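**Q** Contents of coords.pdb (PDB, C-alpha atoms) are given next:
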ATOM      1  CA  MET A   1    -102.927-170.003 -14.562  1.00  0.00           C
ATOM      2  CA  SER A   2    -102.623-166.220 -14.504  1.00  0.00           C
ATOM      3  CA  GLN A   3    -102.569-164.292 -11.281  1.00  0.00           C
ATOM      4  CA  PRO A   4    -105.524-161.996 -10.679  1.00  0.00           C
ATOM      5  CA  THR A   5    -104.490-158.405 -10.983  1.00  0.00           C
ATOM      6  CA  SER A   6    -105.507-155.927  -8.371  1.00  0.00           C
ATOM      7  CA  PRO A   7    -107.770-153.215  -9.724  1.00  0.00           C
ATOM      8  CA  ARG A   8    -106.144-149.827 -10.235  1.00  0.00           C
ATOM      9  CA  THR A   9    -107.303-147.241  -7.800  1.00  0.00           C
ATOM     10  CA  ARG A  10    -108.846-144.319  -9.589  1.00  0.00           C
ATOM     11  CA  LEU A  11    -107.816-141.068  -7.966  1.00  0.00           C
ATOM     12  CA  ARG A  12    -109.590-137.762  -8.087  1.00  0.00           C
ATOM     13  CA  PRO A  13    -107.679-135.151 -10.140  1.00  0.00           C
ATOM     14  CA  ASP A  14    -106.510-133.291  -7.022  1.00  0.00           C
ATOM     15  CA  GLN A  15    -105.309-136.550  -5.459  1.00  0.00           C
ATOM     16  CA  ARG A  16    -103.455-137.571  -8.639  1.00  0.00           C
ATOM     17  CA  ARG A  17    -101.799-134.139  -8.892  1.00  0.00           C
ATOM     18  CA  ALA A  18    -100.737-134.315  -5.232  1.00  0.00           C
ATOM     19  CA  GLN A  19     -99.370-137.818  -5.793  1.00  0.00           C
ATOM     20  CA  LEU A  20     -97.335-136.619  -8.782  1.00  0.00           C
ATOM     21  CA  LEU A  21     -95.980-133.667  -6.816  1.00  0.00           C
ATOM     22  CA  ASP A  22     -94.981-135.956  -3.939  1.00  0.00           C
ATOM     23  CA  LEU A  23     -93.188-138.195  -6.416  1.00  0.00           C
ATOM     24  CA  GLY A  24     -91.483-135.169  -7.995  1.00  0.00           C
ATOM     25  CA  VAL A  25     -90.260-133.903  -4.620  1.00  0.00           C
ATOM     26  CA  GLY A  26     -89.036-137.404  -3.743  1.00  0.00           C
ATOM     27  CA  LEU A  27     -87.077-137.609  -6.990  1.00  0.00           C
ATOM     28  CA  LEU A  28     -85.703-134.110  -6.443  1.00  0.00           C
ATOM     29  CA  ALA A  29     -83.978-135.284  -3.266  1.00  0.00           C
ATOM     30  CA  THR A  30     -81.393-137.162  -5.349  1.00  0.00           C
ATOM     31  CA  ARG A  31     -81.561-135.357  -8.694  1.00  0.00           C
ATOM     32  CA  SER A  32     -81.083-131.838  -9.940  1.00  0.00           C
ATOM     33  CA  LEU A  33     -84.051-129.857 -11.148  1.00  0.00           C
ATOM     34  CA  ASP A  34     -82.807-130.207 -14.739  1.00  0.00           C
ATOM     35  CA  GLU A  35     -82.811-134.001 -14.394  1.00  0.00           C
ATOM     36  CA  LEU A  36     -86.421-133.953 -13.234  1.00  0.00           C
ATOM     37  CA  THR A  37     -88.077-134.398 -16.603  1.00  0.00           C
ATOM     38  CA  ILE A  38     -91.626-135.127 -17.632  1.00  0.00           C
ATOM     39  CA  ASP A  39     -90.400-138.418 -19.132  1.00  0.00           C
ATOM     40  CA  LEU A  40     -88.751-139.480 -15.863  1.00  0.00           C
ATOM     41  CA  LEU A  41     -91.794-138.670 -13.762  1.00  0.00           C
ATOM     42  CA  ALA A  42     -94.140-140.393 -16.232  1.00  0.00           C
ATOM     43  CA  GLU A  43     -91.960-143.497 -16.120  1.00  0.00           C
ATOM     44  CA  GLU A  44     -91.709-143.479 -12.317  1.00  0.00           C
ATOM     45  CA  ALA A  45     -95.447-142.887 -11.916  1.00  0.00           C
ATOM     46  CA  GLY A  46     -96.398-145.423 -14.573  1.00  0.00           C
ATOM     47  CA  ILE A  47     -98.530-142.923 -16.477  1.00  0.00           C
ATOM     48  CA  SER A  48     -98.424-141.277 -19.877  1.00  0.00           C
ATOM     49  CA  ARG A  49     -96.552-138.065 -20.595  1.00  0.00           C
ATOM     50  CA  GLY A  50     -99.858-136.628 -21.794  1.00  0.00           C
ATOM     51  CA  LEU A  51    -101.375-137.003 -18.350  1.00  0.00           C
ATOM     52  CA  LEU A  52     -98.514-135.017 -16.841  1.00  0.00           C
ATOM     53  CA  TYR A  53     -98.986-132.272 -19.406  1.00  0.00           C
ATOM     54  CA  HIS A  54    -102.682-132.322 -18.529  1.00  0.00           C
ATOM     55  CA  TYR A  55    -101.878-131.603 -14.871  1.00  0.00           C
ATOM     56  CA  PHE A  56     -98.956-129.219 -15.282  1.00  0.00           C
ATOM     57  CA  GLY A  57     -99.081-127.789 -18.811  1.00  0.00           C
ATOM     58  CA  ASN A  58     -95.338-127.810 -19.473  1.00  0.00           C
ATOM     59  CA  LYS A  59     -91.967-128.643 -17.953  1.00  0.00           C
ATOM     60  CA  HIS A  60     -91.503-125.189 -16.406  1.00  0.00           C
ATOM     61  CA  ALA A  61     -94.886-125.264 -14.707  1.00  0.00           C
ATOM     62  CA  PHE A  62     -94.116-128.762 -13.439  1.00  0.00           C
ATOM     63  CA  HIS A  63     -90.768-127.597 -12.006  1.00  0.00           C
ATOM     64  CA  GLU A  64     -92.430-124.623 -10.334  1.00  0.00           C
ATOM     65  CA  ALA A  65     -95.093-126.862  -8.798  1.00  0.00           C
ATOM     66  CA  VAL A  66     -92.466-129.299  -7.487  1.00  0.00           C
ATOM     67  CA  VAL A  67     -90.356-126.459  -6.071  1.00  0.00           C
ATOM     68  CA  ARG A  68     -93.461-124.966  -4.433  1.00  0.00           C
ATOM     69  CA  ARG A  69     -94.149-128.320  -2.759  1.00  0.00           C
ATOM     70  CA  ALA A  70     -90.482-128.653  -1.712  1.00  0.00           C
ATOM     71  CA  VAL A  71     -90.511-125.134  -0.232  1.00  0.00           C
ATOM     72  CA  ASP A  72     -93.695-125.883   1.687  1.00  0.00           C
ATOM     73  CA  ASP A  73     -92.137-129.107   2.988  1.00  0.00           C
ATOM     74  CA  LEU A  74     -88.974-127.276   4.064  1.00  0.00           C
ATOM     75  CA  VAL A  75     -90.904-124.614   5.965  1.00  0.00           C
ATOM     76  CA  GLU A  76     -93.140-127.207   7.622  1.00  0.00           C
ATOM     77  CA  GLN A  77     -90.343-129.615   8.557  1.00  0.00           C
ATOM     78  CA  THR A  78     -88.174-126.887  10.088  1.00  0.00           C
ATOM     79  CA  ALA A  79     -90.891-125.252  12.163  1.00  0.00           C
ATOM     80  CA  PRO A  80     -89.660-124.729  15.728  1.00  0.00           C
ATOM     81  CA  PRO A  81     -91.523-126.390  18.575  1.00  0.00           C
ATOM     82  CA  ALA A  82     -94.356-124.396  20.088  1.00  0.00           C
ATOM     83  CA  GLY A  83     -92.841-124.183  23.550  1.00  0.00           C
ATOM     84  CA  GLY A  84     -89.491-123.740  25.190  1.00  0.00           C
ATOM     85  CA  GLU A  85     -86.774-121.140  25.431  1.00  0.00           C
ATOM     86  CA  PRO A  86     -86.147-119.117  22.238  1.00  0.00           C
ATOM     87  CA  LEU A  87     -82.578-120.411  21.796  1.00  0.00           C
ATOM     88  CA  ASP A  88     -83.730-124.023  22.268  1.00  0.00           C
ATOM     89  CA  ARG A  89     -86.475-123.495  19.706  1.00  0.00           C
ATOM     90  CA  LEU A  90     -83.910-122.058  17.265  1.00  0.00           C
ATOM     91  CA  LEU A  91     -81.654-125.063  17.843  1.00  0.00           C
ATOM     92  CA  ALA A  92     -84.516-127.469  17.095  1.00  0.00           C
ATOM     93  CA  SER A  93     -85.363-125.572  13.921  1.00  0.00           C
ATOM     94  CA  MET A  94     -81.720-125.479  12.790  1.00  0.00           C
ATOM     95  CA  SER A  95     -81.336-129.195  13.517  1.00  0.00           C
ATOM     96  CA  ALA A  96     -84.334-129.925  11.288  1.00  0.00           C
ATOM     97  CA  TYR A  97     -82.899-127.606   8.603  1.00  0.00           C
ATOM     98  CA  VAL A  98     -79.563-129.451   8.590  1.00  0.00           C
ATOM     99  CA  ASP A  99     -81.402-132.774   8.307  1.00  0.00           C
ATOM    100  CA  TYR A 100     -83.562-131.459   5.463  1.00  0.00           C
ATOM    101  CA  VAL A 101     -80.600-130.139   3.448  1.00  0.00           C
ATOM    102  CA  ALA A 102     -78.646-133.367   4.017  1.00  0.00           C
ATOM    103  CA  ALA A 103     -81.580-135.533   2.903  1.00  0.00           C
ATOM    104  CA  ASN A 104     -82.407-133.335  -0.118  1.00  0.00           C
ATOM    105  CA  HIS A 105     -78.964-132.000  -1.017  1.00  0.00           C
ATOM    106  CA  GLU A 106     -79.065-132.475  -4.789  1.00  0.00           C
ATOM    107  CA  GLY A 107     -82.482-130.903  -5.189  1.00  0.00           C
ATOM    108  CA  TYR A 108     -81.803-128.118  -2.689  1.00  0.00           C
ATOM    109  CA  THR A 109     -78.629-127.016  -4.457  1.00  0.00           C
ATOM    110  CA  SER A 110     -80.262-127.166  -7.877  1.00  0.00           C
ATOM    111  CA  ILE A 111     -83.157-124.989  -6.669  1.00  0.00           C
ATOM    112  CA  LEU A 112     -80.628-122.541  -5.260  1.00  0.00           C
ATOM    113  CA  LYS A 113     -78.723-122.459  -8.574  1.00  0.00           C
ATOM    114  CA  ALA A 114     -81.938-122.001 -10.571  1.00  0.00           C
ATOM    115  CA  ALA A 115     -83.000-119.140  -8.292  1.00  0.00           C
ATOM    116  CA  GLN A 116     -79.607-117.479  -8.676  1.00  0.00           C
ATOM    117  CA  GLY A 117     -79.562-118.145 -12.414  1.00  0.00           C
ATOM    118  CA  GLY A 118     -82.311-115.733 -13.342  1.00  0.00           C
ATOM    119  CA  ASN A 119     -85.455-117.876 -13.209  1.00  0.00           C
ATOM    120  CA  GLU A 120     -87.796-115.272 -11.722  1.00  0.00           C
ATOM    121  CA  ALA A 121     -90.496-117.732 -10.671  1.00  0.00           C
ATOM    122  CA  LEU A 122     -88.029-119.962  -8.834  1.00  0.00           C
ATOM    123  CA  ARG A 123     -86.299-116.912  -7.369  1.00  0.00           C
ATOM    124  CA  GLY A 124     -89.657-115.796  -5.991  1.00  0.00           C
ATOM    125  CA  LEU A 125     -90.250-119.200  -4.402  1.00  0.00           C
ATOM    126  CA  TYR A 126     -86.749-119.220  -2.911  1.00  0.00           C
ATOM    127  CA  ASP A 127     -87.232-115.693  -1.498  1.00  0.00           C
ATOM    128  CA  GLU A 128     -90.593-116.731  -0.082  1.00  0.00           C
ATOM    129  CA  ALA A 129     -89.006-119.706   1.681  1.00  0.00           C
ATOM    130  CA  LEU A 130     -86.197-117.553   3.063  1.00  0.00           C
ATOM    131  CA  ALA A 131     -88.704-114.996   4.348  1.00  0.00           C
ATOM    132  CA  SER A 132     -90.734-117.731   6.054  1.00  0.00           C
ATOM    133  CA  LEU A 133     -87.635-119.169   7.702  1.00  0.00           C
ATOM    134  CA  THR A 134     -86.323-115.821   8.939  1.00  0.00           C
ATOM    135  CA  ASP A 135     -89.651-114.177   9.850  1.00  0.00           C
ATOM    136  CA  ARG A 136     -90.367-116.918  12.372  1.00  0.00           C
ATOM    137  CA  ILE A 137     -87.378-115.707  14.395  1.00  0.00           C
ATOM    138  CA  PHE A 138     -89.315-112.504  15.115  1.00  0.00           C
ATOM    139  CA  THR A 139     -92.648-114.113  15.888  1.00  0.00           C
ATOM    140  CA  GLU A 140     -93.709-113.091  19.353  1.00  0.00           C
ATOM    141  CA  ASP A 141     -95.195-115.700  21.615  1.00  0.00           C
ATOM    142  CA  ALA A 142     -95.492-116.448  25.277  1.00  0.00           C
ATOM    143  CA  GLN A 143     -91.924-117.733  25.294  1.00  0.00           C
ATOM    144  CA  GLY A 144     -90.469-114.299  24.507  1.00  0.00           C
ATOM    145  CA  GLU A 145     -88.261-113.040  21.712  1.00  0.00           C
ATOM    146  CA  LEU A 146     -84.757-114.155  20.864  1.00  0.00           C
ATOM    147  CA  ILE A 147     -84.141-110.923  18.948  1.00  0.00           C
ATOM    148  CA  ALA A 148     -85.997-107.614  18.985  1.00  0.00           C
ATOM    149  CA  ASP A 149     -87.841-106.985  15.707  1.00  0.00           C
ATOM    150  CA  THR A 150     -86.237-103.932  14.088  1.00  0.00           C
ATOM    151  CA  PRO A 151     -85.436-103.165  10.435  1.00  0.00           C
ATOM    152  CA  ALA A 152     -81.713-103.446  11.189  1.00  0.00           C
ATOM    153  CA  ALA A 153     -82.175-106.802  12.948  1.00  0.00           C
ATOM    154  CA  ARG A 154     -84.193-108.130  10.004  1.00  0.00           C
ATOM    155  CA  MET A 155     -81.426-107.166   7.591  1.00  0.00           C
ATOM    156  CA  VAL A 156     -78.795-108.853   9.768  1.00  0.00           C
ATOM    157  CA  VAL A 157     -80.940-111.997  10.159  1.00  0.00           C
ATOM    158  CA  ARG A 158     -81.255-112.263   6.363  1.00  0.00           C
ATOM    159  CA  ALA A 159     -77.460-112.065   6.064  1.00  0.00           C
ATOM    160  CA  TRP A 160     -77.109-114.631   8.864  1.00  0.00           C
ATOM    161  CA  ALA A 161     -79.494-116.971   6.995  1.00  0.00           C
ATOM    162  CA  ALA A 162     -77.283-116.758   3.885  1.00  0.00           C
ATOM    163  CA  MET A 163     -74.247-117.612   6.019  1.00  0.00           C
ATOM    164  CA  VAL A 164     -76.096-120.545   7.608  1.00  0.00           C
ATOM    165  CA  GLU A 165     -77.100-121.868   4.192  1.00  0.00           C
ATOM    166  CA  GLN A 166     -73.497-121.810   2.978  1.00  0.00           C
ATOM    167  CA  LEU A 167     -72.199-123.415   6.182  1.00  0.00           C
ATOM    168  CA  VAL A 168     -74.770-126.205   6.033  1.00  0.00           C
ATOM    169  CA  LEU A 169     -74.216-126.858   2.319  1.00  0.00           C
ATOM    170  CA  GLY A 170     -70.456-126.930   2.871  1.00  0.00           C
ATOM    171  CA  TRP A 171     -70.820-129.289   5.821  1.00  0.00           C
ATOM    172  CA  VAL A 172     -73.104-131.658   3.891  1.00  0.00           C
ATOM    173  CA  GLU A 173     -70.511-131.780   1.094  1.00  0.00           C
ATOM    174  CA  ASP A 174     -67.660-132.365   3.572  1.00  0.00           C
ATOM    175  CA  PRO A 175     -68.832-133.427   7.042  1.00  0.00           C
ATOM    176  CA  THR A 176     -65.230-133.958   8.186  1.00  0.00           C
ATOM    177  CA  THR A 177     -64.819-130.194   8.697  1.00  0.00           C
ATOM    178  CA  MET A 178     -66.738-130.291  11.986  1.00  0.00           C
ATOM    179  CA  THR A 179     -69.197-132.468  13.829  1.00  0.00           C
ATOM    180  CA  ARG A 180     -72.924-131.976  13.416  1.00  0.00           C
ATOM    181  CA  ASP A 181     -73.088-130.702  16.991  1.00  0.00           C
ATOM    182  CA  GLN A 182     -70.340-128.156  16.264  1.00  0.00           C
ATOM    183  CA  LEU A 183     -72.194-127.025  13.156  1.00  0.00           C
ATOM    184  CA  LEU A 184     -75.426-126.566  15.105  1.00  0.00           C
ATOM    185  CA  ALA A 185     -73.645-124.724  17.902  1.00  0.00           C
ATOM    186  CA  THR A 186     -72.052-122.403  15.341  1.00  0.00           C
ATOM    187  CA  VAL A 187     -75.219-121.526  13.455  1.00  0.00           C
ATOM    188  CA  THR A 188     -77.382-121.227  16.562  1.00  0.00           C
ATOM    189  CA  GLY A 189     -74.893-119.337  18.696  1.00  0.00           C
ATOM    190  CA  SER A 190     -73.887-116.951  15.931  1.00  0.00           C
ATOM    191  CA  LEU A 191     -77.337-115.391  15.514  1.00  0.00           C
ATOM    192  CA  PRO A 192     -77.561-113.465  18.809  1.00  0.00           C
ATOM    193  CA  ALA A 193     -73.867-112.575  18.506  1.00  0.00           C
ATOM    194  CA  VAL A 194     -74.197-111.191  14.976  1.00  0.00           C
ATOM    195  CA  VAL A 195     -77.371-109.249  15.747  1.00  0.00           C
ATOM    196  CA  SER A 196     -75.779-107.698  18.839  1.00  0.00           C
ATOM    197  CA  LEU A 197     -73.082-106.169  16.632  1.00  0.00           C
ATOM    198  CA  GLY A 198     -75.657-104.268  14.551  1.00  0.00           C
TER     199      GLY A 198
END
The structure given in the file should be rewritten as structure tokens.

**A**
Amino acid sequence: MSQPTSPRTRLRPDQRRAQLLDLGVGLLATRSLDELTIDLLAEEAGISRGLLYHYFGNKHAFHEAVVRRAVDDLVEQTAPPAGGEPLDRLLASMSAYVDYVAANHEGYTSILKAAQGGNEALRGLYDEALASLTDRIFTEDAQGELIADTPAARMVVRAWAAMVEQLVLGWVEDPTTMTRDQLLATVTGSLPAVVSLG
């Protein structure tokens, strides 16, 4: 006797597209952007390649949509808490950033390489993410500022963010170089010190 099959849930187009993007971002955590093909996603999602082309048009548009979702996730997951001292809020944000890069290392590095390799659309998304991550340092709130918002400070913070990215990527690749706590103390403590030199 055959088992009754459960009926397939029919999703609205926006729900199906969101589901495919979530799957793409999930796959990107352990694969490079180049390995994230239409065929792979179709197989993982159990749908036809044609349906993916219907939602995304082509491979490049699909990659851009997945990177957009990954960037949005990164910015959301690393948002500092609403309250507390500025340095504590920075530490919480940096802790979430380290966790995000560690959990999504393969995809993160491939997005970085694609952005550096001349893909203008991906470069724009990467720059947008970097701006979101660094601009929040200057956001005024009732808790006060960690750093005064000046053009010079913004330039130094962008350079600091590049240093942090390289430190975190290096640590994820070889966590024997320092403990996670040492890494967080370095990236968090270095920001006020570097800005004060400017």

**Q** For the structure provided, state which residues fall under the PyMOL selection byres ((chain A and resi 32-34) around 9), and present them as an MDAnalysis selection string.

**A** chainID A and resid 27:31 35:37 63 67 106:111 114

**Q** Find the spatial neighbours of Arg68 (chain A), counting all atoms listed in the file, within a cut-off of 12 Å - ignore same-chain residues fewer than 3 positions away - and output them as a VMD selection string.

**A** chain A and resid 18 21 to 22 24 to 25 61 to 65 71 to 75 111 121 to 129

**Q** Quick one: distance from CA of Lys113 (chain A) to CA of Lys59 (chain A) in Å, one decimal?

**A** 17.4 Å

**Q** Between CA of Phe138 (chain A) and CA of Asp181 (chain A), measure the distance and give it in Å to one decimal.

**A**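 Going from CA of Phe138 (chain A) over to CA of Asp181 (chain A), I get 24.5 Å.
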
**Q** Padding 6 Å on every side, please: axis-aligned box over the listed atoms of region 89-98 of chain A, centre and edge lengths to one decimal in Å, as JSON.

**A**
{"center_x": -83.0, "center_y": -126.0, "center_z": 14.1, "size_x": 18.9, "size_y": 19.9, "size_z": 23.1}

**Q** Could you expand the PyMOL selection byres ((chain A and resi 80) around 8) into the explicit residues it covers here, written as a list in words?

**A**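 Taken on the displayed file, the PyMOL selection byres ((chain A and resi 80) around 8) yields the residues Thr78, Ala79, Pro81, Ala82, Arg89, Leu90, Ala92 and Ser93 of chain A.
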
**Q** Let me know the residues the PyMOL selection byres ((chain A and resi 159) around 12) catches in the file above, as a list in words.

**A**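 When the PyMOL selection byres ((chain A and resi 159) around 12) is applied, the selected residues are Leu130, Ala131, Thr134, Ala152, Ala153, Arg154, Met155, Val156, Val157, Arg158, Trp160, Ala161, Ala162, Met163, Val164, Glu165, Gln166, Ser190, Leu191, Val194, Val195 and Gly198 of chain A.
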
**Q** Please report the interatomic distance between CA of Glu85 (chain A) and CA of Trp171 (chain A) in Å with one decimal.

**A**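 We find that CA of Glu85 (chain A) and CA of Trp171 (chain A) lie 26.6 Å from each other.
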
**Q** I'd like to know which of A:Pro13, A:Pro192, A:Pro86, A:Gly117 is closest to Leu51 (chain A), using all atoms listed in the file.

**A** A:Pro13

**Q** For Ala45 (chain A), find every residue with an atom within 12 Å (counting all atoms listed in the file), except residues of its own chain fewer than 3 positions away, and show them as a VMD selection string.

**A** chain A and resid 16 to 17 19 to 24 26 to 27 38 to 42 48 to 49 51 to 52

**Q** Name all residues at most 10 Å from Gly189 (chain A) (count only C-alpha atoms; drop same-chain ones fewer than 4 positions away) and give them as a PyMOL selection string.

**A** chain A and resi 87+90-91+183-185+193-194

**Q** Rank A:Gln15, A:Thr188, A:Thr150, A:Asn119 by their smallest atom-to-atom distance to Val98 (chain A), using all atoms listed in the file, and report the top residue only.

**A** A:Thr188

**Q** I'd like the neighbourhood of Val172 (chain A) as a ChimeraX atom specification, where a residue qualifies if any of its atoms comes within 10 Å (using all atoms listed in the file), though same-chain residues fewer than 4 positions away should be ignored.

**A** /A:98-99,101-103,105,166-168,176-177,180
